[in-house]
>>> print(open('run.txt').read())   # compact mmCIF, C-alpha atoms
# COMPACT_ATOMS: atom_id res chain seq x y z
CA MET A 1 52.90 76.11 79.05
CA SER A 2 53.28 74.63 82.44
CA ALA A 3 52.17 71.30 83.78
CA ARG A 4 50.14 70.52 86.85
CA ARG A 5 50.18 72.82 89.84
CA PRO A 6 52.20 71.38 92.75
CA SER A 7 50.36 70.56 95.97
CA PHE A 8 50.88 72.62 99.09
CA ASP A 9 52.84 69.75 100.59
CA GLU A 10 55.15 69.60 97.58
CA VAL A 11 55.72 73.34 97.67
CA TYR A 12 56.64 73.09 101.34
CA GLU A 13 59.04 70.20 100.91
CA GLU A 14 60.73 71.60 97.84
CA HIS A 15 61.02 75.20 98.89
CA ILE A 16 61.24 75.39 102.66
CA GLY A 17 65.05 75.38 102.51
CA PHE A 18 65.12 78.08 99.85
CA LEU A 19 62.68 80.30 101.79
CA TYR A 20 64.32 79.70 105.16
CA ARG A 21 67.85 80.49 103.96
CA SER A 22 66.65 83.55 102.07
CA THR A 23 64.75 84.86 105.08
CA ARG A 24 67.89 84.67 107.22
CA ALA A 25 70.07 86.08 104.47
CA PHE A 26 67.71 89.04 104.00
CA GLY A 27 68.45 89.99 107.59
CA VAL A 28 65.50 88.62 109.55
CA GLU A 29 66.81 87.77 113.02
CA ALA A 30 66.98 84.12 114.06
CA GLY A 31 64.19 84.47 116.62
CA ALA A 32 61.70 85.79 114.07
CA VAL A 33 62.32 83.47 111.13
CA ASP A 34 59.69 80.97 112.24
CA ASP A 35 57.02 83.66 112.35
CA VAL A 36 57.98 84.91 108.89
CA ILE A 37 58.03 81.42 107.39
CA GLN A 38 54.67 80.62 108.95
CA ASP A 39 53.14 83.77 107.47
CA VAL A 40 54.57 82.95 104.06
CA PHE A 41 53.04 79.49 104.05
CA VAL A 42 49.70 80.73 105.31
CA VAL A 43 49.60 83.00 102.27
CA VAL A 44 50.81 80.20 99.99
CA HIS A 45 48.05 77.99 101.34
CA ARG A 46 45.44 80.59 100.53
CA ARG A 47 46.75 81.56 97.15
CA LEU A 48 48.38 78.56 95.60
CA GLU A 49 45.42 78.14 93.30
CA GLU A 50 46.07 81.59 91.91
CA HIS A 51 49.53 80.62 90.75
CA ASP A 52 48.79 79.80 87.14
CA GLY A 53 52.02 77.94 86.52
CA ARG A 54 53.17 80.39 83.86
CA GLY A 55 55.77 82.26 85.87
CA SER A 56 58.46 80.75 88.03
CA LEU A 57 57.14 79.32 91.28
CA ARG A 58 60.27 80.52 93.06
CA SER A 59 59.67 84.08 91.88
CA TRP A 60 56.09 83.85 93.11
CA LEU A 61 57.20 82.54 96.51
CA MET A 62 59.85 85.22 96.71
CA ARG A 63 57.28 87.95 96.12
CA ILE A 64 55.29 86.61 99.04
CA LEU A 65 58.42 86.48 101.19
CA PHE A 66 59.33 90.08 100.27
CA ASN A 67 55.90 91.24 101.38
CA VAL A 68 55.96 89.32 104.63
CA VAL A 69 59.48 90.51 105.49
CA ARG A 70 58.50 94.10 104.73
CA GLU A 71 55.50 93.77 107.01
CA HIS A 72 57.64 92.17 109.71
CA ARG A 73 60.07 95.11 109.62
CA ARG A 74 57.22 97.59 109.70
CA SER A 75 55.75 96.02 112.81
CA ARG A 76 59.19 95.91 114.40
CA ARG A 77 59.61 99.61 113.73
CA ARG A 78 56.17 100.37 115.14
CA SER A 79 57.05 98.60 118.35
CA GLY A 80 60.39 100.42 118.50
CA GLU A 81 62.51 97.26 118.24
CA ARG A 82 65.80 97.25 116.46
CA ALA A 83 66.87 93.91 115.12
CA SER A 84 69.78 92.68 113.10
CA ALA A 85 70.46 89.47 111.21
CA LEU A 86 73.02 88.57 113.85
CA ASP A 87 70.58 88.72 116.78
CA GLY A 88 70.32 85.27 118.29
CA GLU A 89 72.77 83.91 115.74
CA MET A 90 75.02 82.33 118.36
CA ASP A 91 72.19 80.22 119.77
CA GLU A 92 70.99 79.08 116.41
CA HIS A 93 71.48 75.41 115.67
CA LEU A 94 73.87 74.43 112.91
CA PRO A 95 72.68 71.78 110.50
CA GLY A 96 74.37 68.40 110.28
CA SER A 97 77.59 69.16 112.15
CA GLU A 98 77.24 66.89 115.19
CA ARG A 99 80.04 64.65 114.05
CA ASP A 100 82.61 67.22 113.24
CA PRO A 101 83.54 70.06 115.57
CA GLU A 102 85.90 71.57 113.02
CA ARG A 103 83.19 71.80 110.46
CA GLU A 104 80.85 73.18 113.07
CA ALA A 105 83.30 75.96 113.83
CA ALA A 106 83.76 76.70 110.13
CA LEU A 107 80.01 76.80 109.56
CA ALA A 108 79.47 79.07 112.55
CA GLN A 109 82.16 81.47 111.42
CA ALA A 110 80.95 81.48 107.83
CA ARG A 111 77.42 82.23 108.92
CA ARG A 112 78.49 85.12 111.12
CA THR A 113 80.76 86.57 108.47
CA LEU A 114 78.25 86.17 105.65
CA LEU A 115 75.35 87.65 107.62
CA GLY A 116 77.56 90.54 108.71
CA ILE A 117 78.52 91.30 105.10
CA LEU A 118 74.97 91.01 103.81
CA ASP A 119 73.78 93.24 106.64
CA GLU A 120 75.91 96.06 105.21
CA MET A 121 74.29 95.91 101.78
CA ASP A 122 71.21 97.87 100.88
CA ASP A 123 68.00 95.85 100.53
CA ASP A 124 67.81 95.69 96.74
CA GLN A 125 71.43 94.69 96.27
CA ARG A 126 71.27 92.12 99.04
CA GLN A 127 68.16 90.52 97.59
CA VAL A 128 69.62 90.25 94.11
CA PHE A 129 72.92 88.97 95.43
CA VAL A 130 71.37 86.30 97.68
CA LEU A 131 69.01 85.05 95.00
CA ALA A 132 71.65 85.00 92.26
CA GLU A 133 74.73 83.81 94.12
CA MET A 134 73.28 81.69 96.92
CA GLU A 135 70.14 80.39 95.28
CA GLN A 136 71.24 80.38 91.64
CA MET A 137 68.12 82.08 90.40
CA THR A 138 68.36 83.55 86.92
CA ALA A 139 68.26 87.30 86.35
CA PRO A 140 64.82 87.14 84.68
CA GLU A 141 63.47 85.14 87.64
CA ILE A 142 64.88 87.67 90.08
CA ALA A 143 63.57 90.56 88.01
CA GLU A 144 60.11 88.98 88.08
CA ALA A 145 60.26 88.51 91.83
CA MET A 146 61.46 92.06 92.47
CA ASP A 147 59.27 93.74 89.90
CA ALA A 148 62.35 95.23 88.29
CA SER A 149 63.81 95.15 84.80
CA VAL A 150 66.45 92.60 83.93
CA ASN A 151 68.91 95.44 83.29
CA THR A 152 68.32 96.91 86.73
CA THR A 153 68.77 93.45 88.21
CA TYR A 154 72.12 92.98 86.48
CA SER A 155 73.34 96.35 87.57
CA ARG A 156 72.34 95.69 91.20
CA LEU A 157 74.10 92.35 91.00
CA ARG A 158 77.29 93.96 89.70
CA LEU A 159 77.33 96.47 92.55
CA ALA A 160 76.55 93.82 95.14
CA ARG A 161 79.32 91.53 93.86
CA LYS A 162 81.80 94.36 94.09
CA GLN A 163 80.76 95.14 97.63
CA PHE A 164 80.87 91.46 98.58
CA SER A 165 84.41 91.04 97.18
CA ALA A 166 85.67 94.04 99.08
CA ALA A 167 84.04 92.89 102.30
CA VAL A 168 85.44 89.36 101.99
CA GLU A 169 88.88 90.84 101.41
CA ARG A 170 88.53 92.99 104.53
CA ALA A 171 87.37 90.01 106.57
CA ARG A 172 90.36 87.99 105.39
CA MET A 173 92.80 90.72 106.29
CA ARG A 174 91.20 91.08 109.68
CA ASP A 175 91.49 87.34 110.30
CA GLU A 176 95.12 87.31 109.14
CA TRP A 177 95.83 90.17 111.47
CA ARG A 178 94.25 88.36 114.39
CA LYS A 179 96.24 85.21 113.95
CA PRO A 180 98.80 84.67 116.71
CA MET B 1 84.35 85.28 92.03
CA SER B 2 87.45 84.28 93.99
CA ASP B 3 87.82 80.99 95.87
CA PRO B 4 87.46 82.49 99.35
CA GLU B 5 84.30 84.28 98.24
CA ARG B 6 82.87 81.11 96.76
CA GLU B 7 83.81 79.16 99.87
CA LEU B 8 82.22 81.69 102.20
CA LEU B 9 79.02 81.61 100.18
CA GLU B 10 78.85 77.82 100.12
CA LEU B 11 79.61 77.36 103.80
CA GLY B 12 77.34 80.22 104.78
CA ARG B 13 74.53 78.77 102.71
CA SER B 14 74.91 75.39 104.42
CA ALA B 15 74.95 77.08 107.81
CA LEU B 16 71.69 78.91 107.08
CA GLU B 17 69.93 75.67 106.28
CA PRO B 18 67.08 74.78 108.65
CA THR B 19 68.02 71.72 110.71
CA PRO B 20 65.84 68.62 110.35
CA ALA B 21 64.42 69.37 113.80
CA LYS B 22 63.62 72.92 112.70
CA ARG B 23 61.90 71.67 109.57
CA ALA B 24 59.75 69.29 111.57
CA ALA B 25 58.81 71.94 114.12
CA LEU B 26 57.96 74.45 111.37
CA ARG B 27 55.80 71.90 109.64
CA ALA B 28 53.87 71.28 112.80
CA ARG B 29 53.42 74.99 113.35
CA ILE B 30 52.29 75.68 109.83
CA GLU B 31 49.98 72.72 109.90
CA ALA B 32 48.35 74.15 113.01
CA ALA B 33 48.04 77.57 111.36
CA VAL B 34 46.60 76.50 108.02
CA GLY B 35 44.43 73.83 109.57
CA ALA B 36 42.76 76.46 111.74
CA GLY B 37 39.99 77.12 109.31
CA ALA B 38 42.06 79.18 106.92
CA PRO B 39 40.37 79.15 103.54
CA GLY B 40 42.54 77.43 101.04
CA PRO B 41 42.94 74.45 98.83
CA ALA B 42 42.60 70.97 100.26
CA PRO B 43 43.82 71.14 103.84
CA ARG B 44 43.61 67.34 103.74
CA ALA B 45 46.74 67.33 101.65
CA TRP B 46 48.47 68.92 104.60
CA GLY B 47 47.38 66.37 107.12
CA ARG B 48 48.65 63.98 109.68
CA GLY B 49 51.31 62.43 107.48
CA LEU B 50 53.31 65.62 107.60
CA LEU B 51 54.76 65.07 111.01
CA VAL B 52 55.95 61.64 110.15
CA GLY B 53 57.87 62.90 107.14
CA GLY B 54 58.02 60.77 104.04
CA ALA B 55 61.12 59.20 102.59
CA GLY B 56 61.30 62.07 100.13
CA ALA B 57 61.49 64.56 102.94
CA ALA B 58 64.32 62.66 104.57
CA VAL B 59 66.23 62.45 101.34
CA LEU B 60 65.76 66.14 100.70
CA ALA B 61 66.72 67.11 104.23
CA GLY B 62 69.81 64.94 104.08
CA ALA B 63 70.85 66.03 100.65
CA VAL B 64 70.79 69.73 101.29
CA LEU B 65 72.87 69.66 104.43
CA PHE B 66 76.27 69.85 102.84
CA PHE B 67 75.76 69.91 99.13
CA ALA B 68 73.95 73.10 98.62
CA SER B 69 73.80 72.85 94.86
CA SER B 70 72.19 69.44 94.91
CA GLU B 71 68.83 70.65 96.15
CA PRO B 72 66.30 69.61 93.54
CA GLU B 73 64.50 72.44 91.83
CA PRO B 74 61.82 70.60 89.96
CA SER B 75 59.55 73.58 89.57
CA ARG B 76 62.11 75.83 87.93
CA GLU B 77 60.67 77.39 84.86
CA PRO B 78 62.49 78.43 81.74
CA ALA B 79 63.96 81.85 82.24
CA VAL B 80 62.30 83.45 79.25
CA PRO B 81 58.52 83.32 78.92
CA PRO B 82 57.21 81.94 75.65
CA PRO B 83 55.99 84.48 73.09
CA VAL B 84 52.33 83.60 73.56
CA THR B 85 52.33 84.84 77.12
CA VAL B 86 54.36 87.98 76.61
CA THR B 87 51.30 90.20 76.47
CA GLU B 88 49.71 88.69 79.56
CA PRO B 89 49.61 90.79 82.71
CA PRO B 90 52.16 89.73 85.31
CA ALA B 91 51.11 86.51 86.97
CA ALA B 92 51.90 87.77 90.43
CA ALA B 93 49.66 90.84 90.27
CA PRO B 94 47.03 89.43 92.67
CA LEU B 95 49.67 89.32 95.37
CA ALA B 96 49.50 93.01 96.13
CA PRO B 97 47.25 92.77 99.20
CA VAL B 98 49.35 90.05 100.80
CA ALA B 99 51.06 92.25 103.34
CA THR B 100 47.81 93.80 104.46
CA GLU B 101 46.28 90.40 104.80
CA VAL B 102 49.08 89.21 107.02
CA ALA B 103 48.93 92.38 109.06
CA GLU B 104 45.22 92.01 109.61
CA ARG B 105 45.52 88.42 110.57
CA ALA B 106 48.39 88.91 112.95
CA PRO B 107 48.52 92.39 114.42
CA ALA B 108 51.59 92.78 116.61
CA PRO B 109 50.36 93.44 120.12
CA PRO B 110 52.53 95.94 122.00
CA ALA B 111 52.96 93.42 124.79
CA GLU B 112 54.94 91.33 122.36
CA ALA B 113 57.76 93.85 122.25
CA ALA B 114 60.15 91.42 123.81
CA PRO B 115 63.93 91.49 124.02
CA SER B 116 65.71 90.44 120.90
CA ALA B 117 66.77 87.07 122.27
CA PRO B 118 65.60 84.16 120.15
CA ARG B 119 62.13 83.09 121.03
CA GLU B 120 60.22 79.99 120.31
CA ARG B 121 56.70 81.26 120.17
CA ALA B 122 53.53 79.39 119.96
CA PRO B 123 51.70 79.57 116.64
CA ARG B 124 50.20 83.01 116.30
CA THR B 125 46.99 81.61 114.92
CA PRO B 126 46.02 78.80 117.25
CA PRO B 127 42.96 76.93 116.04
CA LYS B 128 40.07 78.17 118.09
CA ALA B 129 37.74 75.30 117.46
CA GLU B 130 40.34 72.63 118.01
CA PRO B 131 41.99 72.17 121.39
CA THR B 132 44.93 70.56 119.61
CA GLY B 133 46.27 74.02 118.71
CA ASP B 134 47.01 74.82 122.34
CA SER B 135 48.48 71.44 123.06
CA LEU B 136 50.61 71.65 119.95
CA ALA B 137 51.95 74.99 121.13
CA ALA B 138 52.74 73.44 124.51
CA GLU B 139 54.41 70.50 122.81
CA LEU B 140 56.46 72.79 120.64
CA ALA B 141 57.57 74.79 123.65
CA LEU B 142 58.85 71.67 125.41
CA VAL B 143 60.58 70.30 122.34
CA ALA B 144 62.11 73.70 121.63
CA ALA B 145 63.33 73.95 125.24
CA ALA B 146 64.97 70.55 124.89
CA ARG B 147 66.61 71.57 121.64
CA ARG B 148 67.93 74.80 123.12
CA ALA B 149 69.28 72.93 126.13
CA LEU B 150 71.07 70.49 123.82
CA ALA B 151 72.47 73.36 121.78
CA ARG B 152 74.22 74.71 124.85
CA GLY B 153 75.27 71.22 125.96
CA ASP B 154 72.87 70.91 128.86
CA GLY B 155 71.83 67.27 128.58
CA GLU B 156 70.16 67.22 132.00
CA GLU B 157 67.78 70.02 131.21
CA ALA B 158 67.05 68.56 127.79
CA THR B 159 66.24 65.24 129.45
CA ALA B 160 63.91 66.96 131.89
CA ALA B 161 62.02 68.78 129.11
CA LEU B 162 61.72 65.58 127.08
CA ALA B 163 60.53 63.60 130.09
CA ARG B 164 57.89 66.20 130.68
CA HIS B 165 56.82 65.99 127.06
CA ALA B 166 56.60 62.20 127.33
CA ARG B 167 54.51 62.50 130.47
CA GLU B 168 52.13 65.16 129.22
CA PHE B 169 51.92 64.10 125.59
CA PRO B 170 52.63 60.37 125.46
CA ALA B 171 51.13 60.17 121.96
CA GLY B 172 51.62 63.82 121.02
CA ALA B 173 52.09 65.24 117.55
CA LEU B 174 55.80 65.70 118.19
CA THR B 175 56.50 62.21 119.50
CA GLU B 176 58.82 61.50 116.60
CA GLU B 177 60.71 64.69 117.25
CA ARG B 178 60.95 63.88 120.96
CA SER B 179 62.27 60.39 120.24
CA ALA B 180 65.05 61.80 118.09
CA LEU B 181 65.99 64.38 120.72
CA GLU B 182 66.01 61.68 123.40
CA VAL B 183 68.86 59.99 121.58
CA LEU B 184 70.81 63.24 121.51
CA ALA B 185 70.05 63.87 125.19
CA LEU B 186 71.30 60.40 126.13
CA CYS B 187 74.48 61.17 124.22
CA ALA B 188 74.82 64.51 125.95
CA THR B 189 74.55 62.87 129.36
CA GLY B 190 77.11 60.20 128.49
CA GLN B 191 74.67 57.29 128.33
CA ARG B 192 75.92 55.87 125.10
CA ALA B 193 74.63 52.32 125.50
CA ARG B 194 71.11 53.57 126.11
CA ALA B 195 71.48 56.02 123.24
CA VAL B 196 72.30 53.14 120.89
CA VAL B 197 69.18 51.25 121.95
CA ALA B 198 67.04 54.37 121.60
CA ALA B 199 68.56 55.20 118.21
CA ARG B 200 67.85 51.72 116.85
CA ALA B 201 64.28 51.90 118.10
CA PHE B 202 63.87 55.35 116.55
CA LEU B 203 65.25 54.37 113.16
CA SER B 204 63.15 51.26 112.95
CA ARG B 205 60.01 53.07 114.03
CA TYR B 206 60.53 56.14 111.82
CA PRO B 207 62.63 54.86 108.92
CA GLY B 208 61.99 57.88 106.72
CA SER B 209 62.23 60.53 109.39
CA VAL B 210 63.70 63.92 108.63
CA SER B 211 65.44 63.61 111.99
CA SER B 212 67.24 60.39 111.13
CA SER B 213 70.35 62.24 109.94
CA SER B 214 70.77 63.94 113.31
CA VAL B 215 70.23 60.61 115.11
CA ARG B 216 72.71 58.85 112.86
CA GLY B 217 75.18 61.69 113.31
CA SER B 218 75.07 61.54 117.11
CA CYS B 219 77.32 59.63 119.53
CA VAL B 220 75.85 56.36 118.25
CA ALA B 221 77.22 56.93 114.75
CA ALA B 222 79.97 54.31 114.96
CA THR B 223 77.61 51.63 116.25
CA LEU B 224 74.77 51.89 113.77
CA ASP B 225 74.60 50.05 110.52
CA PRO B 226 75.16 52.36 107.59
>>> encode(input="run.txt", output="structure tokens")
Amino acid sequence: MSARRPSFDEVYEEHIGFLYRSTRAFGVEAGAVDDVIQDVFVVVHRRLEEHDGRGSLRSWLMRILFNVVREHRRSRRRSGERASALDGEMDEHLPGSERDPEREAALAQARRTLLGILDEMDDDQRQVFVLAEMEQMTAPEIAEAMDASVNTTYSRLRLARKQFSAAVERARMRDEWRKP
Amino acid sequence: MSDPERELLELGRSALEPTPAKRAALRARIEAAVGAGAPGPAPRAWGRGLLVGGAGAAVLAGAVLFFASSEPEPSREPAVPPPVTVTEPPAAAPLAPVATEVAERAPAPPAEAAPSAPRERAPRTPPKAEPTGDSLAAELALVAAARRALARGDGEEATAALARHAREFPAGALTEERSALEVLALCATGQRARAVVAARAFLSRYPGSVSSSSVRGSCVAATLDP
């Protein structure tokens, strides 16, 4: 059904943003994202020819990312390190905000709040939520990436949305409370 | 979904975007890793041109900064597979050994158990046959040091790291990246007139650079032509 297979370069250019954001949103700490992304693209480079163009390329990339992140966590555990999505977050550069300090502050706060909320979710719910709500992937695409049924995917998404709403509400109340 | 929820997601998504500098550095790193004799399709397609960044890359990098939903998704497939392929085995089945493969390639040495502060590490798979792998790692370290210095507002230290890069790698793989950061460093040290000159030189030399948005957005913004 599908047309020509994209080149490695095209895959990088079109999907680096998607993979980078997802890696951070899945809770990989800022200082390790580069390693994870490198590993993903090394695998993509080796296996791109195996992608037959039938399934979604994003689902295929996401499966690779899931594997690499899992391996990253395993090696962290082996070495006794504990890491959270917020590690190194303060030092992380913000994109495109040099002109506007107000926007920079808003971006920084949004990133901290969002990562904090996602950090509280369990892995499956967080993955579904990020891919559906941040990356606008369809439920069948997500199901394919996660090796789950579409029904399971929808039910995880429902639970994650509920948790997200409650957490945003709590964050808002906390910020109201803090205001002078 | 309520407005505050939507807003948090949109802003958070923008904030998780890799910066143009990050994209360029990652490209260089990945190029070094896959060019190091890794079996795979056509490494030539992933060659020298990468660091320069085509116009398409610049457009993409610029477009995704604030308008999250405008990122092109040309490879998106229809959600439902066509009937003829329903009975096929899942396309991603061969992926199972991926994690093992990565683990074998890059075992985590215990010595690497570093503090959780952000690290800019050299590529884990430096090309053994090509000396450029080591020099690329050294280049990346200098450029990353300059970027970190700029992030905390230390223009002097950024300038020092960039000067060292210019001295040691006058025609290095990250020259474009260095030139962009030099503009930001000049801004950070209050040398606006020199920054304008450097910015103009940068934009004319690298018209399609992924870093052009950060150069245009710096202290020279008001002076440059749109």
>>> closest_residue(input="run.txt", among="B:Asp3, B:Glu176, B:Glu157, B:Glu139", to="chain A", atoms="all atoms listed in the file")
B:Asp3
>>> atom_distance(input="run.txt", atom1="atom CA of A:Arg73", atom2="atom CA of A:Leu48")
24.6 Å
>>> closest_residue(input="run.txt", among="A:Arg103, A:Arg111, A:Arg78, A:His15", to="chain B", atoms="all atoms listed in the file")
A:Arg111
>>> closest_residue(input="run.txt", among="B:Ala151, B:Ala137, B:Arg200, B:Thr159", to="chain A", atoms="only C-alpha atoms")
B:Ala151
>>> residues_around(input="run.txt", residues="A:Leu19", least_positions_apart="4", cutoff="10 Å", atoms="all atoms listed in the file", output="ChimeraX atom specification")
/A:12,14-15,23-25,33,36-37,40-41,58,61-62,65,135 /B:17-18
>>> residues_around(input="run.txt", residues="stretch 180-197 of chain B", least_positions_apart="5", cutoff="12 Å", atoms="only C-alpha atoms", output="JSON, numbers by chain")
{"A": [98, 99], "B": [20, 21, 22, 24, 142, 143, 144, 145, 146, 147, 148, 149, 150, 151, 152, 153, 154, 155, 156, 157, 158, 159, 160, 161, 162, 163, 164, 165, 166, 174, 175, 202, 203, 204, 205, 206, 207, 209, 210, 211, 212, 213, 214, 215, 216, 217, 218, 219, 220, 221, 222, 223, 224, 225]}
>>> closest_residue(input="run.txt", among="A:Gly80, A:Gly27, A:Gly55, A:Pro6", to="A:Asp122", atoms="all atoms listed in the file")
A:Gly27
>>> closest_residue(input="run.txt", among="B:Ala25, B:Met1, B:Leu11, B:Ile30", to="B:Arg178", atoms="all atoms listed in the file")
B:Ala25
>>> atom_distance(input="run.txt", atom1="atom CA of A:Arg156", atom2="atom CA of A:Asp39")
27.8 Å
>>> atom_distance(input="run.txt", atom1="atom CA of A:Leu107", atom2="atom CA of B:Pro4")
13.9 Å
>>> residues_around(input="run.txt", residues="stretch 139-144 of chain A", least_positions_apart="4", cutoff="6 Å", atoms="all atoms listed in the file", output="ChimeraX atom specification")
/A:59,148-150,153 /B:79
>>> closest_residue(input="run.txt", among="A:Ala145, A:Ala108, A:Ala167, A:Gln136", to="A:Glu120", atoms="all atoms listed in the file")
A:Ala167
